[in-house]
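Text of model06.pdb, listed as PDB, C-alpha atoms:
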```pdb
ATOM      1  CA  MET A 824     -21.284 -11.567   6.621
ATOM      2  CA  SER A 825     -20.583 -14.674   4.570
ATOM      3  CA  ALA A 826     -22.276 -17.868   5.763
ATOM      4  CA  ASP A 827     -18.926 -19.614   6.172
ATOM      5  CA  ALA A 828     -17.365 -16.771   8.182
ATOM      6  CA  PRO A 829     -16.780 -17.280  11.903
ATOM      7  CA  SER A 830     -19.510 -15.620  13.953
ATOM      8  CA  PRO A 831     -18.874 -13.012  16.670
ATOM      9  CA  GLY A 832     -18.559 -14.870  19.946
ATOM     10  CA  GLN A 833     -16.790 -17.838  18.360
ATOM     11  CA  VAL A 834     -13.532 -18.896  20.003
ATOM     12  CA  LEU A 835     -10.422 -19.644  17.938
ATOM     13  CA  GLY A 836      -7.539 -20.824  20.067
ATOM     14  CA  ALA A 837      -7.135 -18.346  22.917
ATOM     15  CA  TYR A 838      -9.151 -15.628  21.145
ATOM     16  CA  THR A 839     -12.859 -14.785  21.332
ATOM     17  CA  LEU A 840     -13.992 -12.980  18.184
ATOM     18  CA  ASP A 841     -15.899  -9.823  19.152
ATOM     19  CA  ARG A 842     -16.757  -8.166  15.837
ATOM     20  CA  LEU A 843     -15.875  -8.236  12.152
ATOM     21  CA  LEU A 844     -13.613  -5.302  11.216
ATOM     22  CA  GLY A 845     -13.413  -6.037   7.496
ATOM     23  CA  GLN A 846     -12.481  -8.559   4.851
ATOM     24  CA  GLY A 847     -10.444  -8.930   1.678
ATOM     25  CA  GLY A 848     -10.308 -11.556  -1.014
ATOM     26  CA  PHE A 849      -8.478 -14.061   1.158
ATOM     27  CA  ALA A 850      -9.320 -13.400   4.796
ATOM     28  CA  TRP A 851     -11.617 -11.843   7.387
ATOM     29  CA  VAL A 852     -10.317  -9.563  10.141
ATOM     30  CA  TYR A 853     -11.925  -9.494  13.588
ATOM     31  CA  GLU A 854     -11.408  -7.570  16.768
ATOM     32  CA  ALA A 855     -10.865 -10.245  19.397
ATOM     33  CA  ARG A 856     -10.058 -10.696  23.074
ATOM     34  CA  ARG A 857      -7.419 -13.101  24.325
ATOM     35  CA  GLU A 858      -7.984 -15.133  27.485
ATOM     36  CA  ASP A 859      -5.977 -12.573  29.476
ATOM     37  CA  GLY A 860      -8.320  -9.770  28.345
ATOM     38  CA  LYS A 861      -5.942  -8.112  25.880
ATOM     39  CA  SER A 862      -7.443  -7.074  22.530
ATOM     40  CA  PHE A 863      -6.000  -8.142  19.164
ATOM     41  CA  ALA A 864      -6.873  -8.096  15.504
ATOM     42  CA  VAL A 865      -7.319 -11.695  14.310
ATOM     43  CA  LYS A 866      -7.040 -12.404  10.589
ATOM     44  CA  VAL A 867      -8.805 -15.638   9.549
ATOM     45  CA  LEU A 868      -8.033 -17.255   6.210
ATOM     46  CA  LYS A 869     -11.177 -18.002   4.184
ATOM     47  CA  PRO A 870     -11.970 -21.752   4.017
ATOM     48  CA  ARG A 871     -11.533 -22.093   0.238
ATOM     49  CA  TYR A 872      -7.863 -21.200   0.740
ATOM     50  CA  ALA A 873      -7.354 -22.758   4.159
ATOM     51  CA  THR A 874      -8.468 -26.136   2.752
ATOM     52  CA  ASP A 875      -6.007 -25.932  -0.165
ATOM     53  CA  PRO A 876      -2.888 -27.600   1.296
ATOM     54  CA  ALA A 877      -0.521 -25.761  -1.073
ATOM     55  CA  PHE A 878      -1.993 -22.342  -0.316
ATOM     56  CA  GLU A 879      -2.308 -22.998   3.413
ATOM     57  CA  SER A 880       1.324 -24.068   3.537
ATOM     58  CA  ARG A 881       2.444 -20.926   1.699
ATOM     59  CA  PHE A 882       0.285 -18.779   3.964
ATOM     60  CA  ARG A 883       1.852 -20.267   7.084
ATOM     61  CA  GLN A 884       5.378 -19.907   5.712
ATOM     62  CA  GLU A 885       4.889 -16.282   4.778
ATOM     63  CA  SER A 886       3.126 -15.480   8.044
ATOM     64  CA  VAL A 887       6.222 -16.752   9.845
ATOM     65  CA  VAL A 888       8.384 -14.478   7.647
ATOM     66  CA  ALA A 889       6.104 -11.526   8.399
ATOM     67  CA  ALA A 890       6.176 -12.316  12.116
ATOM     68  CA  GLY A 891       9.972 -12.080  11.984
ATOM     69  CA  LEU A 892       9.919  -8.479  10.718
ATOM     70  CA  ALA A 893      10.399  -6.718  14.032
ATOM     71  CA  HIS A 894      10.158  -2.963  13.341
ATOM     72  CA  PRO A 895       8.147  -0.085  14.891
ATOM     73  CA  ASN A 896       6.382   0.532  11.552
ATOM     74  CA  ILE A 897       5.498  -3.121  10.856
ATOM     75  CA  VAL A 898       2.624  -4.755  12.707
ATOM     76  CA  HIS A 899       3.616  -7.254  15.390
ATOM     77  CA  ILE A 900       2.176 -10.742  14.828
ATOM     78  CA  GLU A 901       1.491 -12.348  18.184
ATOM     79  CA  GLU A 902       0.543 -15.872  17.124
ATOM     80  CA  ILE A 903      -0.097 -18.083  14.088
ATOM     81  CA  GLY A 904      -2.518 -20.924  14.685
ATOM     82  CA  SER A 905      -5.429 -23.062  13.565
ATOM     83  CA  ASP A 906      -8.608 -24.158  15.294
ATOM     84  CA  ARG A 907     -11.973 -25.618  14.252
ATOM     85  CA  GLY A 908     -10.821 -25.812  10.639
ATOM     86  CA  PHE A 909      -9.757 -22.137  10.506
ATOM     87  CA  VAL A 910      -6.199 -20.898   9.967
ATOM     88  CA  PHE A 911      -5.561 -17.548  11.649
ATOM     89  CA  PHE A 912      -2.995 -15.163  13.015
ATOM     90  CA  ALA A 913      -3.353 -12.624  15.805
ATOM     91  CA  MET A 914      -1.687  -9.219  15.558
ATOM     92  CA  ASP A 915      -1.653  -5.925  17.432
ATOM     93  CA  LEU A 916      -4.890  -3.958  17.158
ATOM     94  CA  TYR A 917      -4.898  -0.323  15.963
ATOM     95  CA  PRO A 918      -7.820   2.123  16.147
ATOM     96  CA  GLU A 919      -8.016   2.960  12.437
ATOM     97  CA  THR A 920      -6.482   2.465   9.012
ATOM     98  CA  LEU A 921      -5.438   5.065   6.488
ATOM     99  CA  ALA A 922      -8.427   3.921   4.414
ATOM    100  CA  THR A 923     -10.926   4.672   7.197
ATOM    101  CA  ARG A 924      -9.334   8.044   7.901
ATOM    102  CA  LEU A 925      -9.473   9.023   4.228
ATOM    103  CA  ALA A 926     -13.086   7.855   4.036
ATOM    104  CA  ALA A 927     -13.866  10.298   6.835
ATOM    105  CA  SER A 928     -11.647  13.254   5.878
ATOM    106  CA  GLY A 929     -11.172  12.951   2.104
ATOM    107  CA  HIS A 930      -7.487  13.854   2.189
ATOM    108  CA  LEU A 931      -4.652  14.499   4.632
ATOM    109  CA  GLU A 932      -2.968  17.749   5.506
ATOM    110  CA  GLU A 933       0.620  17.720   4.327
ATOM    111  CA  LYS A 934       2.136  17.321   7.806
ATOM    112  CA  SER A 935       0.154  14.123   8.415
ATOM    113  CA  LEU A 936       0.786  12.947   4.862
ATOM    114  CA  VAL A 937       4.538  13.228   5.337
ATOM    115  CA  ALA A 938       4.509  11.571   8.780
ATOM    116  CA  ILE A 939       2.452   8.594   7.586
ATOM    117  CA  SER A 940       4.426   8.224   4.339
ATOM    118  CA  LEU A 941       7.660   8.268   6.347
ATOM    119  CA  GLY A 942       6.414   5.433   8.537
ATOM    120  CA  VAL A 943       5.551   3.290   5.521
ATOM    121  CA  SER A 944       8.818   4.061   3.719
ATOM    122  CA  ARG A 945      10.805   3.120   6.838
ATOM    123  CA  ALA A 946       8.884  -0.146   7.068
ATOM    124  CA  LEU A 947       9.636  -0.873   3.406
ATOM    125  CA  ALA A 948      13.314  -0.011   3.809
ATOM    126  CA  PHE A 949      13.543  -2.507   6.674
ATOM    127  CA  ALA A 950      11.619  -5.247   4.843
ATOM    128  CA  HIS A 951      13.419  -4.767   1.521
ATOM    129  CA  GLY A 952      16.728  -5.013   3.363
ATOM    130  CA  ARG A 953      15.639  -8.531   4.289
ATOM    131  CA  ASN A 954      14.517  -9.385   0.740
ATOM    132  CA  VAL A 955      10.820  -9.124   1.614
ATOM    133  CA  ILE A 956       8.621  -7.290  -0.928
ATOM    134  CA  HIS A 957       5.107  -6.399   0.215
ATOM    135  CA  ARG A 958       3.334  -6.379  -3.215
ATOM    136  CA  ASP A 959       0.067  -4.820  -1.982
ATOM    137  CA  ILE A 960       0.660  -1.354  -0.497
ATOM    138  CA  LYS A 961      -2.668   0.490  -0.178
ATOM    139  CA  PRO A 962      -4.511   2.553   2.470
ATOM    140  CA  ASP A 963      -6.268  -0.540   3.880
ATOM    141  CA  ASN A 964      -2.876  -2.019   4.780
ATOM    142  CA  VAL A 965      -1.608   1.069   6.617
ATOM    143  CA  LEU A 966      -2.679   0.957  10.265
ATOM    144  CA  LEU A 967      -2.684   4.215  12.222
ATOM    145  CA  GLY A 968      -1.828   4.774  15.862
ATOM    146  CA  ALA A 969      -1.404   7.884  17.972
ATOM    147  CA  HIS A 970       0.350  10.945  16.524
ATOM    148  CA  ASP A 971       0.130   9.659  12.937
ATOM    149  CA  LEU A 972       2.126   6.527  13.680
ATOM    150  CA  ALA A 973       1.917   4.390  10.518
ATOM    151  CA  VAL A 974       2.206   0.615  10.837
ATOM    152  CA  LEU A 975       2.278  -1.576   7.746
ATOM    153  CA  THR A 976       0.390  -4.859   7.743
ATOM    154  CA  ASP A 977      -0.399  -7.768   5.403
ATOM    155  CA  PHE A 978       3.077  -8.761   4.271
ATOM    156  CA  GLY A 979       2.159 -12.440   4.455
ATOM    157  CA  ILE A 980      -0.892 -12.797   2.199
ATOM    158  CA  ALA A 981       0.476 -11.075  -0.919
ATOM    159  CA  ARG A 982       3.699 -13.081  -0.665
ATOM    160  CA  ALA A 983       1.742 -16.296  -0.116
ATOM    161  CA  VAL A 984      -0.352 -15.648  -3.219
ATOM    162  CA  SER A 985       2.761 -14.887  -5.260
ATOM    163  CA  GLY A 986       4.488 -18.086  -4.144
ATOM    164  CA  TYR A 987       1.347 -20.137  -4.715
ATOM    165  CA  VAL A 988       0.946 -18.809  -8.263
ATOM    166  CA  ALA A 989       4.612 -19.469  -9.042
ATOM    167  CA  ALA A 990       4.440 -23.020  -7.664
ATOM    168  CA  THR A 991       1.089 -24.101  -9.096
ATOM    169  CA  GLY A 992       0.432 -21.859 -12.090
ATOM    170  CA  PHE A 993      -3.063 -21.206 -10.678
ATOM    171  CA  MET A 994      -4.233 -17.738 -11.697
ATOM    172  CA  MET A 995      -4.895 -15.414  -8.763
ATOM    173  CA  THR A 996      -4.752 -11.622  -8.585
ATOM    174  CA  ILE A 997      -1.738 -10.230  -6.722
ATOM    175  CA  GLY A 998      -2.107  -6.631  -5.642
ATOM    176  CA  THR A 999      -5.069  -4.252  -5.770
ATOM    177  CA  PRO A1000      -5.841  -2.941  -9.291
ATOM    178  CA  HIS A1001      -5.936   0.775  -8.400
ATOM    179  CA  TYR A1002      -2.556   0.486  -6.633
ATOM    180  CA  ILE A1003      -0.572  -2.001  -8.741
ATOM    181  CA  SER A1004       2.644  -0.980 -10.457
ATOM    182  CA  PRO A1005       3.060  -0.986 -14.253
ATOM    183  CA  GLU A1006       5.274  -4.047 -14.012
ATOM    184  CA  GLN A1007       2.632  -5.895 -11.959
ATOM    185  CA  ALA A1008       0.001  -4.937 -14.549
ATOM    186  CA  GLN A1009       2.222  -6.383 -17.282
ATOM    187  CA  GLY A1010       3.181  -9.528 -15.377
ATOM    188  CA  ARG A1011       6.849  -8.532 -15.338
ATOM    189  CA  PRO A1012       9.418  -9.353 -12.622
ATOM    190  CA  ILE A1013       9.204  -7.067  -9.598
ATOM    191  CA  ASP A1014      11.477  -5.756  -6.880
ATOM    192  CA  GLY A1015      11.193  -3.230  -4.057
ATOM    193  CA  ARG A1016      10.476  -0.414  -6.512
ATOM    194  CA  THR A1017       7.046  -1.965  -7.073
ATOM    195  CA  ASP A1018       6.219  -1.151  -3.443
ATOM    196  CA  ILE A1019       7.508   2.399  -3.987
ATOM    197  CA  TYR A1020       5.074   2.873  -6.893
ATOM    198  CA  SER A1021       2.143   1.580  -4.858
ATOM    199  CA  LEU A1022       3.147   3.847  -1.976
ATOM    200  CA  GLY A1023       3.189   6.704  -4.504
ATOM    201  CA  ILE A1024      -0.419   5.894  -5.469
ATOM    202  CA  THR A1025      -1.311   5.774  -1.771
ATOM    203  CA  MET A1026       0.374   9.138  -1.170
ATOM    204  CA  TYR A1027      -1.405  10.642  -4.184
ATOM    205  CA  ARG A1028      -4.773   9.445  -2.856
ATOM    206  CA  ALA A1029      -4.019  10.835   0.608
ATOM    207  CA  ALA A1030      -2.689  14.146  -0.755
ATOM    208  CA  THR A1031      -5.427  14.936  -3.267
ATOM    209  CA  GLY A1032      -8.461  13.005  -2.064
ATOM    210  CA  ASP A1033      -8.611  10.979  -5.263
ATOM    211  CA  LEU A1034      -6.768   8.296  -7.186
ATOM    212  CA  PRO A1035      -4.666   9.258 -10.210
ATOM    213  CA  PHE A1036      -6.301   6.570 -12.373
ATOM    214  CA  ARG A1037      -9.874   5.312 -12.314
ATOM    215  CA  SER A1038     -11.715   2.771 -14.451
ATOM    216  CA  ARG A1039     -14.247   0.014 -13.883
ATOM    217  CA  ASP A1040     -12.484  -2.059 -16.518
ATOM    218  CA  TRP A1041      -9.425  -3.897 -15.162
ATOM    219  CA  TYR A1042      -7.614  -3.888 -18.512
ATOM    220  CA  GLU A1043      -8.173  -0.176 -19.013
ATOM    221  CA  LEU A1044      -6.942   0.495 -15.487
ATOM    222  CA  ALA A1045      -3.843  -1.595 -16.168
ATOM    223  CA  ARG A1046      -3.248   0.390 -19.377
ATOM    224  CA  LEU A1047      -3.469   3.662 -17.468
ATOM    225  CA  HIS A1048      -0.847   2.464 -14.981
ATOM    226  CA  VAL A1049       1.440   1.470 -17.850
ATOM    227  CA  GLU A1050       0.904   4.410 -20.225
ATOM    228  CA  ALA A1051      -0.839   7.451 -18.706
ATOM    229  CA  PRO A1052       1.136   9.988 -16.644
ATOM    230  CA  PRO A1053      -0.759  11.076 -13.525
ATOM    231  CA  GLU A1054      -2.041  14.626 -13.285
ATOM    232  CA  PRO A1055       0.336  16.540 -10.973
ATOM    233  CA  PRO A1056      -1.087  16.583  -7.420
ATOM    234  CA  ARG A1057      -0.933  20.396  -7.179
ATOM    235  CA  MET A1058      -3.339  20.668 -10.100
ATOM    236  CA  ARG A1059      -5.866  18.999  -7.788
ATOM    237  CA  ARG A1060      -4.739  20.623  -4.520
ATOM    238  CA  PRO A1061      -2.681  23.775  -5.212
ATOM    239  CA  GLU A1062      -1.842  24.232  -1.516
ATOM    240  CA  LEU A1063       0.447  21.191  -1.614
ATOM    241  CA  SER A1064       4.146  21.992  -1.694
ATOM    242  CA  LYS A1065       6.100  21.515  -4.909
ATOM    243  CA  ARG A1066       8.443  19.348  -2.897
ATOM    244  CA  ILE A1067       5.864  16.729  -1.906
ATOM    245  CA  GLU A1068       4.514  16.805  -5.451
ATOM    246  CA  ARG A1069       7.923  15.955  -6.905
ATOM    247  CA  ILE A1070       8.387  13.149  -4.395
ATOM    248  CA  ILE A1071       5.011  11.629  -5.301
ATOM    249  CA  LEU A1072       5.606  11.930  -9.048
ATOM    250  CA  ARG A1073       9.019  10.322  -8.763
ATOM    251  CA  CYS A1074       7.425   7.381  -6.934
ATOM    252  CA  LEU A1075       4.922   7.113  -9.793
ATOM    253  CA  ALA A1076       7.440   6.894 -12.633
ATOM    254  CA  LYS A1077       6.349   4.303 -15.180
ATOM    255  CA  HIS A1078       9.776   2.713 -15.458
ATOM    256  CA  PRO A1079      11.283   1.398 -12.205
ATOM    257  CA  ASP A1080      14.661   2.983 -13.064
ATOM    258  CA  ASP A1081      13.044   6.442 -12.894
ATOM    259  CA  ARG A1082      11.680   5.885  -9.373
ATOM    260  CA  TYR A1083      13.592   6.005  -6.112
ATOM    261  CA  LYS A1084      16.107   3.186  -6.269
ATOM    262  CA  THR A1085      15.420   2.224  -2.663
ATOM    263  CA  ALA A1086      12.986   3.016   0.116
ATOM    264  CA  GLU A1087      15.953   4.517   2.001
ATOM    265  CA  GLU A1088      16.273   7.181  -0.726
ATOM    266  CA  LEU A1089      12.566   7.958  -0.470
ATOM    267  CA  THR A1090      12.830   8.137   3.319
ATOM    268  CA  ALA A1091      15.700  10.630   3.031
ATOM    269  CA  ASP A1092      13.678  12.958   0.778
ATOM    270  CA  LEU A1093      10.635  12.755   3.057
ATOM    271  CA  GLN A1094      12.787  13.525   6.095
ATOM    272  CA  ASP A1095      14.302  16.471   4.233
ATOM    273  CA  ILE A1096      10.963  18.193   3.587
ATOM    274  CA  ASP A1097      11.409  20.330   6.713
ATOM    275  CA  THR A1098      15.198  20.771   6.651
ATOM    276  CA  ARG A1099      15.432  21.316   2.868
ATOM    277  CA  ILE A1100      19.113  20.370   2.763
ATOM    278  CA  ARG A1101      18.458  19.127  -0.762
ATOM    279  CA  PRO A1102      16.900  21.770  -3.072
ATOM    280  CA  THR A1103      13.479  20.842  -4.442
ATOM    281  CA  SER A1104      14.784  21.210  -7.988
ATOM    282  CA  GLU A1105      17.227  18.350  -7.341
ATOM    283  CA  ILE A1106      14.389  15.864  -6.863
ATOM    284  CA  PRO A1107      14.124  14.601 -10.446
ATOM    285  CA  LEU A1108      10.832  14.302 -12.256
ATOM    286  CA  PRO A1109      10.341  11.110 -14.272
ATOM    287  CA  SER A1110      11.389  11.325 -17.900
ATOM    288  CA  GLY A1111       8.584  12.692 -20.055
ATOM    289  CA  TYR A1112       7.173  15.096 -17.485
ATOM    290  CA  LEU A1113       7.066  18.830 -18.093
ATOM    291  CA  PRO A1114       6.803  21.445 -15.335
ATOM    292  CA  GLU A1115       3.189  22.013 -14.369
ATOM    293  CA  PRO A1116       1.526  25.227 -15.585
ATOM    294  CA  GLU A1117       1.714  28.041 -13.041
ATOM    295  CA  ARG A1118      -2.034  28.631 -13.353
ATOM    296  CA  PRO A1119      -3.618  25.273 -14.249
ATOM    297  CA  GLU A1120      -7.129  26.712 -14.323
ATOM    298  CA  ALA A1121      -6.153  29.088 -17.133
ATOM    299  CA  LYS A1122      -4.306  26.510 -19.260
ATOM    300  CA  THR A1123      -7.113  24.534 -20.810
ATOM    301  CA  ASP A1124      -5.290  23.668 -24.035
ATOM    302  CA  ARG A1125      -1.773  22.971 -22.774
ATOM    303  CA  LYS A1126      -0.465  19.498 -22.066
ATOM    304  CA  TRP A1127       1.640  19.103 -18.925
ATOM    305  CA  TRP A1128       3.302  15.940 -20.193
ATOM    306  CA  LYS A1129       4.930  14.836 -23.395
ATOM    307  CA  PRO A1130       4.801  11.362 -25.018
ATOM    308  CA  TRP A1131       7.210   8.746 -23.726
TER     309      TRP A1131
END
```

Could you show the structure in this file as structure tokens?
Amino acid sequence: MSADAPSPGQVLGAYTLDRLLGQGGFAWVYEARREDGKSFAVKVLKPRYATDPAFESRFRQESVVAAGLAHPNIVHIEEIGSDRGFVFFAMDLYPETLATRLAASGHLEEKSLVAISLGVSRALAFAHGRNVIHRDIKPDNVLLGAHDLAVLTDFGIARAVSGYVAATGFMMTIGTPHYISPEQAQGRPIDGRTDIYSLGITMYRAATGDLPFRSRDWYELARLHVEAPPEPPRMRRPELSKRIERIILRCLAKHPDDRYKTAEELTADLQDIDTRIRPTSEIPLPSGYLPEPERPEAKTDRKWWKPW
């Protein structure tokens, strides 16, 4: 634990911090107990940002926006406060994240994959309808409850960073490199389809047990997002349905116009996996993709994609 991090047992406002659950670039997250005995997750902004008036102001503004997103698949923020020099917000506590589940299981069975992806897409549809873009969809930001309930968290920080960068010109990374969209990698304007791409990366990771693109070099990773088509998921896990594969690949289209136009469209296709009202062949592949080989293991010299 960092020397400047609050210690377990410390009290912030009405909350006693019990244990550190994790941390990101901007904040620590603790399991905490309120005075009435109820447990919460408390996110504490790191001092280097909390003491920057411009960033702290953005963080508070965006936390208020996030707190106003009342939806079953978006985490409920109980309180935004400050105490002893720390800025924090308390939110509902969930037993695990998609990241911790994948760390334990490697990948998800398709039924769970669809249920969790549906929860996130519904959350995005609701948020996008209110002109709120998440900007940092990844397994760490998908909380999991009973029966594969997916609850999206961390709307506030990514938006705060984006607003801070726009207002000050100070360079800070927005998004997580393995999950950023091509337009984020290129510094282009974004809209809700950026979240759809990042959800596609998240779905790919959950479906196959691996990321579509890996590199230790940030610039090479950005190039892969911009230029390299992902290997079809069924080439890594043949038991996946062609339907879920097409949905994932459409989310991962390089150009936003080739992705789902809205999270509502993605939600409809995920809901239709069981009913199959829409034929699988009607879910378009991004331009440039060819049908996958029927027997990938026997096709060592055949490309499954063509140049853009």

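For the atom pair formed by atom CA of Asn964 of chain A and atom CA of Thr976 of chain A, the distance is 5.2 Å, given to one decimal.
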
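Proximity of A:Thr920, A:Ser1110, A:Thr1085, A:Asn896 to Gly942 of chain A, computed with all atoms listed in the file, is greatest for A:Asn896.
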
Could you give me, as CSV, a per-residue list for segment 849-945 of chain A showing, wherever an atom lies at most 12 Å from an atom of segment 998-1018 of chain A, the closest pair of atoms and their distance in Å to one decimal, using all atoms listed in the file and sorting by chain then residue number from low to high?
```
residue,atom,partner,partner_atom,distance
A:Phe849,CA,A:Gly998,CA,11.9
A:Val943,CA,A:Asp1018,CA,10.0
A:Ser944,CA,A:Asp1018,CA,9.2
```

Spatial neighbours of Gly904 of chain A, 9 Å, only C-alpha atoms, chain gap at least 4 places, as a ChimeraX atom specification: /A:835-836,883,909-913

So that I have them on file, write out the residues from the current selection with C-alpha atoms, as a short mmCIF file (atom, residue, chain, number, x, y, z; two decimals), in the frame of the given file.
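Output below, filename selection.cif:
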```
data_model
loop_
_atom_site.label_atom_id
_atom_site.label_comp_id
_atom_site.auth_asym_id
_atom_site.auth_seq_id
_atom_site.Cartn_x
_atom_site.Cartn_y
_atom_site.Cartn_z
CA LEU A 835 -10.42 -19.64 17.94
CA GLY A 836 -7.54 -20.82 20.07
CA ARG A 883 1.85 -20.27 7.08
CA PHE A 909 -9.76 -22.14 10.51
CA VAL A 910 -6.20 -20.90 9.97
CA PHE A 911 -5.56 -17.55 11.65
CA PHE A 912 -3.00 -15.16 13.02
CA ALA A 913 -3.35 -12.62 15.80
#
```

Surrounding residues of Ala873 of chain A excluding itself and chain neighbours under 5 positions, 9 Å, all atoms listed in the file, as a PyMOL selection string: chain A and resi 868+878-880+882+908-910

Distance of atom CA of Leu1022 of chain A from atom CA of Arg1057 of chain A, expressed in Å to one decimal place: 17.8 Å

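Each of A:Pro1109, A:Pro1035, A:Gly845, A:Pro876 was compared to Glu919 of chain A using all atoms listed in the file, and A:Gly845 turns out to be the nearest.
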